[in-house]
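Shown next: final30.cif, containing mmCIF, C-alpha atoms.
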data_work
loop_
_atom_site.label_atom_id
_atom_site.label_comp_id
_atom_site.auth_asym_id
_atom_site.auth_seq_id
_atom_site.Cartn_x
_atom_site.Cartn_y
_atom_site.Cartn_z
CA MET A 280 187.67 232.53 203.23
CA THR A 281 186.36 229.35 204.80
CA PRO A 282 184.13 226.70 203.15
CA GLY A 283 180.63 228.08 202.60
CA SER A 284 181.56 231.71 203.30
CA ASN A 285 180.79 234.39 200.74
CA ILE A 286 181.78 237.95 199.91
CA PRO A 287 180.13 240.67 197.82
CA LEU A 288 182.10 241.45 194.66
CA THR A 289 183.37 245.01 194.54
CA ALA A 290 184.49 244.73 190.91
CA ALA A 291 182.45 243.99 187.80
CA ARG A 292 185.28 241.91 186.31
CA VAL A 293 186.94 239.32 188.53
CA THR A 294 189.62 236.73 187.88
CA VAL A 295 189.94 233.48 189.82
CA ASP A 296 193.35 231.82 189.62
CA VAL A 297 194.28 228.60 191.41
CA THR A 298 197.82 227.82 192.55
CA ALA A 299 199.28 224.55 193.89
CA PRO A 300 202.63 222.75 194.14
CA VAL A 301 201.63 220.84 190.98
CA ARG A 302 200.26 222.11 187.69
CA LEU A 303 196.47 222.41 187.67
CA ASP A 304 193.87 222.69 184.93
CA VAL A 305 191.24 225.31 185.74
CA SER A 306 187.81 225.42 184.10
CA GLY A 307 184.55 227.33 184.38
CA LEU A 308 180.91 226.37 183.83
CA LEU A 309 178.01 228.77 183.36
CA LEU A 310 174.91 227.47 185.11
CA THR A 311 171.24 228.37 185.02
CA ALA A 312 168.92 228.45 188.02
CA ASP A 313 168.53 224.65 187.88
CA GLY A 314 172.29 224.19 188.23
CA LYS A 315 172.83 223.01 184.63
CA VAL A 316 174.71 224.28 181.58
CA ARG A 317 172.57 225.37 178.62
CA SER A 318 174.89 223.84 176.00
CA ASP A 319 178.51 222.95 175.40
CA ASP A 320 179.21 226.66 174.91
CA ASP A 321 178.87 227.07 178.68
CA PHE A 322 181.85 224.81 179.45
CA ILE A 323 184.98 226.99 179.41
CA PHE A 324 188.38 225.27 179.49
CA TYR A 325 191.67 225.23 177.59
CA ASN A 326 190.17 223.78 174.39
CA GLN A 327 187.26 226.22 174.53
CA PRO A 328 188.72 229.33 176.18
CA ALA A 329 185.91 231.83 175.66
CA GLY A 330 182.20 231.94 176.34
CA PRO A 331 179.56 234.56 177.08
CA GLY A 332 181.05 236.71 179.85
CA VAL A 333 183.61 234.08 180.88
CA THR A 334 187.13 233.48 179.57
CA TYR A 335 189.95 231.04 180.32
CA ARG A 336 193.63 232.00 180.52
CA SER A 337 196.43 229.46 180.48
CA GLY A 338 199.39 229.96 182.77
CA GLY A 339 201.59 227.95 180.44
CA GLY A 340 202.96 225.92 183.34
CA THR A 341 204.83 228.88 184.83
CA SER A 342 201.86 230.73 186.31
CA PRO A 343 198.39 229.56 187.36
CA ASP A 344 195.48 229.00 185.00
CA ALA A 345 192.66 231.45 185.57
CA ILE A 346 189.00 232.07 184.81
CA THR A 347 187.82 235.66 184.32
CA VAL A 348 184.16 236.55 184.78
CA ASP A 349 182.77 239.81 183.41
CA THR A 350 179.53 240.02 185.38
CA SER A 351 178.24 242.81 183.14
CA ALA A 352 178.52 240.49 180.11
CA VAL A 353 177.05 237.33 181.65
CA PRO A 354 173.86 236.59 179.67
CA PRO A 355 170.40 236.64 181.27
CA GLY A 356 169.44 233.30 182.75
CA ILE A 357 172.94 232.48 183.98
CA GLU A 358 172.95 232.72 187.76
CA LYS A 359 176.21 231.02 188.67
CA ILE A 360 179.70 230.42 187.31
CA VAL A 361 181.55 227.59 189.03
CA VAL A 362 185.34 227.50 188.87
CA THR A 363 186.89 224.04 188.95
CA ALA A 364 190.45 222.75 189.35
CA SER A 365 192.07 219.39 188.72
CA PRO A 366 195.69 218.17 188.63
CA ASP A 367 197.13 218.13 185.12
CA ALA A 368 198.69 214.70 185.60
CA ALA A 369 196.18 211.96 184.76
CA GLY A 370 194.82 210.21 187.83
CA GLN A 371 196.63 212.43 190.36
CA SER A 372 194.60 213.27 193.46
CA PHE A 373 194.77 216.27 195.78
CA GLN A 374 196.30 214.15 198.55
CA GLY A 375 199.16 216.27 199.90
CA VAL A 376 198.39 219.01 197.36
CA GLU A 377 197.00 222.21 198.81
CA PRO A 378 195.42 224.44 196.14
CA THR A 379 194.65 228.09 196.83
CA ALA A 380 192.12 230.08 194.84
CA THR A 381 192.67 233.83 194.66
CA ILE A 382 189.82 236.10 193.60
CA ARG A 383 191.14 239.32 192.08
CA ASN A 384 189.87 242.52 190.55
CA ALA A 385 190.53 241.70 186.89
CA ASP A 386 191.30 245.31 186.04
CA ASP A 387 193.92 246.20 188.64
CA GLY A 388 194.94 242.77 189.99
CA SER A 389 194.09 243.61 193.60
CA VAL A 390 193.18 240.63 195.80
CA LEU A 391 189.55 240.42 196.92
CA ALA A 392 189.76 237.07 198.73
CA THR A 393 191.67 233.79 198.97
CA PHE A 394 190.47 230.28 199.75
CA THR A 395 192.36 227.06 200.52
CA PRO A 396 190.05 224.02 200.82
CA PRO A 397 190.95 222.00 203.91
CA GLN A 398 191.43 218.26 204.32
CA LEU A 399 191.74 217.06 200.73
CA GLY A 400 192.52 213.45 199.93
CA ALA A 401 191.27 211.15 197.15
CA GLU A 402 189.62 213.96 195.18
CA THR A 403 190.89 214.35 191.61
CA ALA A 404 188.84 217.46 190.85
CA LEU A 405 187.28 220.28 192.83
CA VAL A 406 184.57 222.86 192.51
CA ILE A 407 186.64 225.42 194.35
CA VAL A 408 184.81 228.77 194.01
CA GLU A 409 181.53 229.98 192.57
CA VAL A 410 180.57 233.44 191.38
CA TYR A 411 176.82 233.84 191.71
CA LEU A 412 173.96 236.31 191.39
CA ARG A 413 171.78 236.91 194.43
CA ASN A 414 169.08 239.61 194.64
CA GLY A 415 170.62 241.53 191.77
CA ALA A 416 174.13 241.56 193.26
CA TRP A 417 177.12 239.40 192.34
CA LYS A 418 178.96 237.51 195.07
CA ALA A 419 181.66 234.87 195.41
CA ARG A 420 181.43 231.78 197.61
CA ALA A 421 184.14 229.38 198.79
CA VAL A 422 183.01 225.81 198.00
CA GLY A 423 185.74 223.14 198.05
CA GLN A 424 183.52 220.25 196.84
CA GLY A 425 185.60 217.27 195.73
CA TYR A 426 185.06 214.60 193.06
CA SER A 427 186.90 211.29 192.86
CA ASN A 428 186.26 210.87 189.13
CA GLY A 429 188.02 213.94 187.81
CA LEU A 430 186.80 216.74 185.63
CA ALA A 431 184.44 214.31 183.88
CA GLY A 432 182.56 213.86 187.15
CA ILE A 433 182.09 217.60 187.52
CA ALA A 434 181.05 218.05 183.89
CA THR A 435 178.53 215.21 184.12
CA ASP A 436 177.10 216.57 187.35
CA PHE A 437 176.32 219.87 185.66
CA GLY A 438 174.74 218.38 182.55
CA VAL A 439 177.66 217.98 180.12
CA THR A 440 177.91 214.56 178.47
CA VAL A 441 181.48 213.36 177.95
CA GLU A 442 182.77 210.28 176.17
CA GLU A 443 183.60 208.18 179.19
CA PRO A 444 181.25 206.46 181.62
CA ALA A 445 181.99 208.23 184.87
CA PRO A 446 179.89 208.02 188.02
CA ALA A 447 178.81 211.40 189.24
CA ALA A 448 178.96 210.73 192.96
CA PRO A 449 181.14 213.36 194.67
CA VAL A 450 183.47 212.39 197.50
CA GLN A 451 182.04 213.79 200.73
CA PRO A 452 181.07 217.23 199.33
CA ALA A 453 181.81 220.12 201.65
CA ALA A 454 178.92 222.12 200.20
CA PRO A 455 176.08 220.07 198.62
CA MET A 456 175.39 220.92 195.00
CA ALA A 457 172.02 220.64 193.29
CA PRO A 458 171.64 217.18 191.68
CA PRO A 459 171.29 217.04 187.91
CA THR A 460 167.76 217.28 186.53
CA GLY A 461 166.46 216.85 183.02
CA PRO A 462 168.30 215.41 180.00
CA PRO A 463 172.02 216.14 179.79
CA VAL A 464 173.39 218.51 177.19
CA GLN A 465 175.25 216.61 174.44
CA MET A 466 178.77 218.00 174.01
CA PRO A 467 180.66 216.66 170.97
CA PRO A 468 184.38 216.43 171.70
CA PRO A 469 186.41 219.19 169.99
CA PRO A 470 189.20 218.19 167.58
CA ALA A 471 191.87 218.49 170.25
CA ALA A 472 189.77 217.53 173.22
CA ASP A 473 190.81 217.52 176.84
CA PRO A 474 192.59 214.15 177.09
CA ARG A 475 190.76 213.34 180.31
CA LEU A 476 187.40 213.94 178.62
CA ALA A 477 187.68 212.53 175.09
CA GLN A 478 190.97 210.72 174.53
CA GLN A 479 191.62 208.45 177.47
CA PRO A 480 189.97 205.00 177.73
CA PRO A 481 187.01 204.48 180.02
CA ALA A 482 187.96 205.14 183.62
CA PRO A 483 187.42 202.49 186.27
CA PRO A 484 184.69 203.13 188.82
CA ALA A 485 185.65 205.68 191.44
CA PRO A 486 186.84 204.13 194.68
CA ALA A 487 184.72 204.34 197.76
CA ALA A 488 185.13 207.54 199.72
CA PRO A 489 187.90 207.19 202.30
CA ALA A 490 187.39 207.87 205.95
CA ALA A 491 187.64 211.53 206.84
CA PRO A 492 191.29 212.48 207.37
CA ALA A 493 192.58 213.70 210.68
CA PRO A 494 192.52 217.46 211.22
CA GLY A 495 195.28 219.12 209.24
CA ALA A 496 195.85 216.15 206.91
CA GLY A 497 197.45 217.05 203.60
CA LYS A 498 199.21 220.17 204.90
CA ILE A 499 202.12 221.08 207.13
CA ASN A 500 201.37 220.65 210.82
CA LEU A 501 203.33 220.87 214.06
CA ASP A 502 204.18 217.17 214.45
CA LYS A 503 207.82 217.59 213.43
CA GLY A 504 208.47 220.52 215.71
CA ARG A 505 209.08 224.19 214.98
CA VAL A 506 207.96 225.35 211.54
CA SER A 507 209.73 228.17 209.70
CA LEU A 508 207.42 229.81 207.17
CA GLN A 509 208.14 231.77 204.04
CA LYS A 510 205.78 234.39 202.65
CA ASN A 511 202.35 232.95 201.74
CA GLN A 512 203.09 229.55 203.30
CA THR A 513 200.54 228.01 205.67
CA VAL A 514 200.82 225.69 208.66
CA SER A 515 197.92 223.90 210.33
CA LEU A 516 197.98 224.33 214.11
CA VAL A 517 197.54 220.62 214.69
CA LYS A 518 199.83 218.43 216.79
CA GLY A 519 199.47 214.69 217.30
CA GLY A 520 196.24 214.71 215.30
CA ARG A 521 194.60 217.22 217.66
CA PRO A 522 193.88 220.87 216.91
CA LEU A 523 195.77 223.34 219.07
CA LEU A 524 193.02 225.11 221.02
CA SER A 525 194.97 226.37 224.03
CA GLN A 526 196.61 229.71 224.75
CA VAL A 527 199.22 230.87 222.24
CA LYS A 528 201.36 233.99 222.09
CA MET A 529 202.17 235.91 218.94
CA GLY A 530 205.51 237.60 219.56
CA LEU A 531 206.48 240.40 217.20
CA GLY A 532 209.93 241.93 217.13
CA TRP A 533 212.09 244.37 215.19
CA GLU A 534 215.35 246.27 215.38
CA PRO A 535 216.37 249.68 213.98
CA ALA A 536 218.18 249.37 210.66
CA PHE A 537 220.57 252.14 211.71
CA ARG A 538 222.48 251.81 214.96
CA GLY A 539 221.60 254.32 217.65
CA LYS A 540 218.22 255.21 216.15
CA ASP A 541 214.92 254.41 217.88
CA ILE A 542 212.09 252.85 215.92
CA ASP A 543 208.58 253.10 217.35
CA LEU A 544 206.28 250.45 215.94
CA ASP A 545 202.93 249.20 217.18
CA ALA A 546 201.75 245.59 216.97
CA SER A 547 198.03 244.86 216.75
CA VAL A 548 195.59 242.08 215.93
CA ILE A 549 192.29 242.52 214.07
CA ALA A 550 189.43 240.04 214.56
CA TYR A 551 186.97 239.23 211.76
CA GLY A 552 183.78 237.26 211.30
CA PRO A 553 182.88 234.78 208.53
CA GLN A 554 181.85 237.52 206.10
CA ARG A 555 185.17 239.31 206.67
CA ASN A 556 183.27 241.71 208.92
CA HIS A 557 185.40 243.62 211.43
CA ILE A 558 184.60 242.51 214.99
CA ASP A 559 187.28 244.25 217.09
CA SER A 560 190.93 245.30 217.21
CA CYS A 561 193.47 244.81 220.00
CA TYR A 562 196.36 247.29 220.16
CA PHE A 563 198.29 249.49 222.62
CA GLY A 564 195.20 251.64 223.22
CA LYS A 565 192.90 248.64 223.79
CA LEU A 566 194.84 245.89 225.54
CA LYS A 567 192.03 243.36 225.90
CA ILE A 568 189.18 242.31 223.57
CA LEU A 569 186.67 239.47 223.18
CA LYS A 570 186.19 239.08 226.94
CA GLY A 571 189.90 238.60 227.50
CA ALA A 572 190.42 235.92 224.83
CA VAL A 573 192.90 238.31 223.18
CA LYS A 574 195.34 240.43 225.21
CA HIS A 575 198.14 242.86 224.30
CA SER A 576 201.38 243.21 226.26
CA GLY A 577 201.58 246.99 225.83
CA ASP A 578 203.57 249.44 223.73
CA ASN A 579 207.32 249.28 223.10
CA LEU A 580 208.58 252.73 222.13
CA THR A 581 212.07 251.94 220.85
CA GLY A 582 212.48 248.44 219.46
CA GLU A 583 215.72 248.11 221.41
CA GLY A 584 216.70 245.01 223.37
CA GLY A 585 216.52 241.29 222.75
CA GLY A 586 213.44 239.14 222.51
CA ASP A 587 209.95 240.06 221.38
CA ASP A 588 209.12 243.75 221.36
CA GLU A 589 205.38 243.24 221.76
CA VAL A 590 203.34 240.12 222.49
CA ILE A 591 199.68 239.38 221.78
CA VAL A 592 198.19 236.47 223.73
CA VAL A 593 195.33 234.54 222.11
CA ASP A 594 193.28 231.83 223.85
CA LEU A 595 192.15 229.90 220.77
CA GLY A 596 189.67 227.79 222.72
CA ALA A 597 188.03 230.84 224.30
CA LEU A 598 187.49 232.80 221.08
CA PRO A 599 183.79 233.28 220.25
CA GLN A 600 182.55 231.15 217.36
CA GLU A 601 181.81 234.29 215.40
CA VAL A 602 185.55 234.97 215.17
CA THR A 603 186.91 233.11 212.13
CA GLY A 604 189.98 235.18 211.28
CA LEU A 605 192.76 237.11 213.05
CA VAL A 606 195.24 239.32 211.21
CA PHE A 607 198.41 240.45 213.02
CA THR A 608 199.75 243.82 211.90
CA VAL A 609 202.59 246.21 212.69
CA ASN A 610 202.38 249.98 212.12
CA SER A 611 204.65 252.99 212.43
CA PHE A 612 202.58 255.72 214.03
CA SER A 613 205.52 258.15 213.86
CA GLY A 614 205.75 257.71 210.10
CA GLN A 615 209.03 255.80 209.95
CA LYS A 616 209.14 253.44 206.99
CA PHE A 617 209.91 249.73 207.11
CA THR A 618 213.06 250.41 205.12
CA GLU A 619 214.34 251.75 208.47
CA VAL A 620 213.58 248.44 210.20
CA ALA A 621 215.85 245.40 210.47
CA LYS A 622 215.08 241.84 211.52
CA ALA A 623 211.30 242.19 211.75
CA TYR A 624 209.62 238.88 212.57
CA CYS A 625 206.65 237.21 214.17
CA ARG A 626 206.60 233.91 216.02
CA LEU A 627 203.84 231.79 217.51
CA ILE A 628 204.61 230.39 220.97
CA ASP A 629 202.86 227.72 223.02
CA GLY A 630 201.48 229.66 225.99
CA ALA A 631 201.83 226.70 228.36
CA THR A 632 205.36 225.54 227.55
CA GLY A 633 206.97 228.61 225.98
CA GLU A 634 207.94 226.48 222.98
CA GLU A 635 208.27 228.34 219.68
CA LEU A 636 205.87 226.67 217.25
CA VAL A 637 205.99 228.79 214.10
CA ARG A 638 208.29 231.60 212.95
CA PHE A 639 208.17 234.03 210.02
CA ASP A 640 211.08 236.38 209.31
CA LEU A 641 210.30 239.39 207.15
CA THR A 642 213.05 239.29 204.53
CA ASN A 643 212.09 242.28 202.43
CA ALA A 644 211.09 245.86 203.16
CA GLU A 645 209.07 248.56 201.44
CA ALA A 646 208.88 252.28 202.13
CA GLN A 647 205.48 251.92 203.80
CA THR A 648 204.23 252.49 207.35
CA GLY A 649 202.24 249.30 207.84
CA VAL A 650 202.66 245.58 207.28
CA MET A 651 200.35 242.59 207.66
CA MET A 652 202.60 239.96 209.21
CA ALA A 653 200.42 236.86 209.56
CA LYS A 654 196.85 235.61 209.75
CA LEU A 655 195.10 232.85 211.68
CA ILE A 656 192.05 231.34 209.98
CA ARG A 657 189.57 228.99 211.67
CA GLN A 658 188.71 226.03 209.45
CA PHE A 659 185.27 224.44 209.42
CA THR A 660 186.76 221.45 211.28
CA GLY A 661 187.63 223.74 214.20
CA GLU A 662 191.39 223.80 213.70
CA TRP A 663 193.32 227.00 212.99
CA ASP A 664 195.73 227.66 210.14
CA MET A 665 198.53 230.25 210.27
CA THR A 666 199.68 231.89 207.04
CA ALA A 667 202.73 234.14 206.66
CA MET A 668 201.77 237.36 204.87
CA GLY A 669 204.43 240.09 204.74
CA GLU A 670 202.14 242.47 202.85
CA PHE A 671 202.94 246.19 203.16
CA VAL A 672 200.25 248.86 203.47
CA LYS A 673 200.28 252.64 203.65
CA SER A 674 198.82 253.10 207.14
CA ARG A 675 200.20 254.48 210.39
CA THR A 676 197.44 253.03 212.61
CA VAL A 677 195.56 249.78 213.04
CA ARG A 678 192.38 251.56 211.96
CA GLY A 679 193.82 251.95 208.48
CA MET A 680 194.66 248.26 208.38
CA VAL A 681 191.09 246.99 208.89
CA LYS A 682 190.02 247.15 205.24
CA PRO A 683 193.19 245.79 203.56
CA ALA A 684 193.44 243.02 206.17
CA ALA A 685 189.83 242.00 205.49
CA GLN A 686 190.58 241.83 201.78
CA ALA A 687 193.58 239.59 202.49
CA LEU A 688 191.57 236.96 204.41
#

What does the file become when written as structure tokens?
Amino acid sequence: MTPGSNIPLTAARVTVDVTAPVRLDVSGLLLTADGKVRSDDDFIFYNQPAGPGVTYRSGGGTSPDAITVDTSAVPPGIEKIVVTASPDAAGQSFQGVEPTATIRNADDGSVLATFTPPQLGAETALVIVEVYLRNGAWKARAVGQGYSNGLAGIATDFGVTVEEPAPAAPVQPAAPMAPPTGPPVQMPPPPAADPRLAQQPPAPPAPAAPAAPAPGAGKINLDKGRVSLQKNQTVSLVKGGRPLLSQVKMGLGWEPAFRGKDIDLDASVIAYGPQRNHIDSCYFGKLKILKGAVKHSGDNLTGEGGGDDEVIVVDLGALPQEVTGLVFTVNSFSGQKFTEVAKAYCRLIDGATGEELVRFDLTNAEAQTGVMMAKLIRQFTGEWDMTAMGEFVKSRTVRGMVKPAAQAL
């Protein structure tokens, strides 16, 4: 997902967990139509882990904290549940820390959507995702609004009074939130209160908002040369402070696991819009889409020989604005499983120079006929991010990949 985008929820119970290289505290607030909590019971965090329709789960430092929302149990009058995240270490900002929120079906754990807020800096707390009611249907929206005064700033903004004077001005919010109205709800600190809310001395005034960082700041970019990704890692396609908007080639390759045996795989790319809506697919039967902005090299029937087996050329600057996501897939139309494949990989190449920019080697295999190799996501700043996926799917054709790939965006 990208900031401001939304998806309909296909499950009545959803869990939002937030991962990062550092430990995070995750909280949830139940809000009425005026964007305020009704009482302290609507602030769900590790010292108050359960509320009406919303529960908190601690990861214990080894797995991410999570908020679960049971939309069927949310009381009347509550129209939105915001999920927040803040570094556990006092005073730590999100500079260089890239959190990712994953929205899951709480009953089977399947992924409904993921969201990584771009360009974070001095923020010490985020409203990262909101689950909201619109025209009788529940949806989820990617937000990414940052606060420089920690969780106290978020709580104050939504009507909770905490025992520290904290200004409520957010740092350059990505999605404006409704300003507080009416008297704040008084929340007495619990016996073992959140140390950032009740136990630490008054915080100094939040510093002035810094200048907007360069595209790709706070995440891996291409400045140091070729990037080798592991599964679920992301690289921003930014070099020298400028987004890469020229022609790139996604080369996909594989070898038979057993000598002397052919392996017939098909590489494809699926284009999506901001609502994860399927726009078009480029594969061996449709070698050009989006007015030539995406082109396919053609089918390789054996997988033999050195170099890339199939290549998909993407002109990032020529892609229509409606295209916000590309998912690159590989399928076995003949039914051969990926346990019969060796050395499968994908690599992103500069179309002008032939330089290899990013590489992802598939190091595991499952007895499935399809795999999502990588995705490119357009950020609101205009730059593109590439994420290594390596997710296996039971599908012999690109048509069967459209739905699972949309869910993985």

Residue contacts of Ala653 (chain A) (7 Å, all atoms listed in the file) excluding same-chain residues fewer than 4 positions away, as a PyMOL selection string: chain A and resi 606-607+665-668

Residue nearest Ala550 (chain A) among A:Val353, A:Asn500, A:Ser284, A:Ile656 (counting all atoms listed in the file): A:Ile656

Within 6 Å of Val422 (chain A) using only C-alpha atoms, minus same-chain residues under 3 positions, as a PyMOL selection string: chain A and resi 282-283+407-408+454

Target residues per the PyMOL selection byres ((chain A and resi 626) around 10), formatted as a list in words: Val506, Ser507, Leu508, Lys528, Met529, Gly530, Leu531, Gly532, Asp587, Val590, Tyr624, Cys625, Leu627, Ile628, Glu635, Leu636, Val637, Arg638, Phe639, Asp640, Met652 and Ala653 of chain A

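In this structure, CA of Thr341 (chain A) sits 25.9 Å away from CA of Gln398 (chain A).
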
Ref. answer, residues at most 7 Å from (196.4, 238.3, 215.2) with all atoms listed in the file, as a list in words: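 Residues lying no farther than 7 Å from the given point: Ser547, Val548, Ile549, Leu605, Val606, Phe607, Lys654 and Leu655 of chain A.
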
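The nearest approach to Leu303 (chain A) among the residues A:Gly519, A:Pro331, A:Gly429, A:Gly552, with only C-alpha atoms taken into account, belongs to A:Gly429.
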
Nearby residues (all atoms listed in the file) at most 9 Å from Pro599 (chain A), same-chain spacing under 3 positions excluded, as a ChimeraX atom specification: /A:569,572,596,602-603

Pairwise distance for CA of Pro397 (chain A) and CA of Thr294 (chain A), rounded to one decimal in Å: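 CA of Thr294 (chain A) lies at a distance of 21.8 Å from CA of Pro397 (chain A).
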
Hits of the PyMOL selection byres ((chain A and resi 413) around 12) in this structure, as a list in words: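 Listing what the PyMOL selection byres ((chain A and resi 413) around 12) selects in the shown file: Asn285, Ile286, Pro287, Leu288, Ala312, Ile357, Glu358, Lys359, Val410, Tyr411, Leu412, Asn414, Gly415, Ala416, Trp417, Lys418, Ala419 and Arg420 of chain A.
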
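Across the structure, CA of Leu309 (chain A) and CA of Val333 (chain A) are spaced 8.1 Å apart.
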
Matched chain/residue IDs from the PyMOL selection byres ((chain A and resi 388) around 12), as a PDB file with C-alpha atoms, in the frame of the given file:
ATOM      1  CA  ALA A 290     184.490 244.730 190.910  1.00  0.00           C
ATOM      2  CA  ARG A 292     185.280 241.910 186.310  1.00  0.00           C
ATOM      3  CA  VAL A 293     186.940 239.320 188.530  1.00  0.00           C
ATOM      4  CA  THR A 294     189.620 236.730 187.880  1.00  0.00           C
ATOM      5  CA  VAL A 295     189.940 233.480 189.820  1.00  0.00           C
ATOM      6  CA  ASP A 296     193.350 231.820 189.620  1.00  0.00           C
ATOM      7  CA  THR A 347     187.820 235.660 184.320  1.00  0.00           C
ATOM      8  CA  THR A 381     192.670 233.830 194.660  1.00  0.00           C
ATOM      9  CA  ILE A 382     189.820 236.100 193.600  1.00  0.00           C
ATOM     10  CA  ARG A 383     191.140 239.320 192.080  1.00  0.00           C
ATOM     11  CA  ASN A 384     189.870 242.520 190.550  1.00  0.00           C
ATOM     12  CA  ALA A 385     190.530 241.700 186.890  1.00  0.00           C
ATOM     13  CA  ASP A 386     191.300 245.310 186.040  1.00  0.00           C
ATOM     14  CA  ASP A 387     193.920 246.200 188.640  1.00  0.00           C
ATOM     15  CA  SER A 389     194.090 243.610 193.600  1.00  0.00           C
ATOM     16  CA  VAL A 390     193.180 240.630 195.800  1.00  0.00           C
ATOM     17  CA  LEU A 391     189.550 240.420 196.920  1.00  0.00           C
ATOM     18  CA  ALA A 392     189.760 237.070 198.730  1.00  0.00           C
TER      19      ALA A 392
END
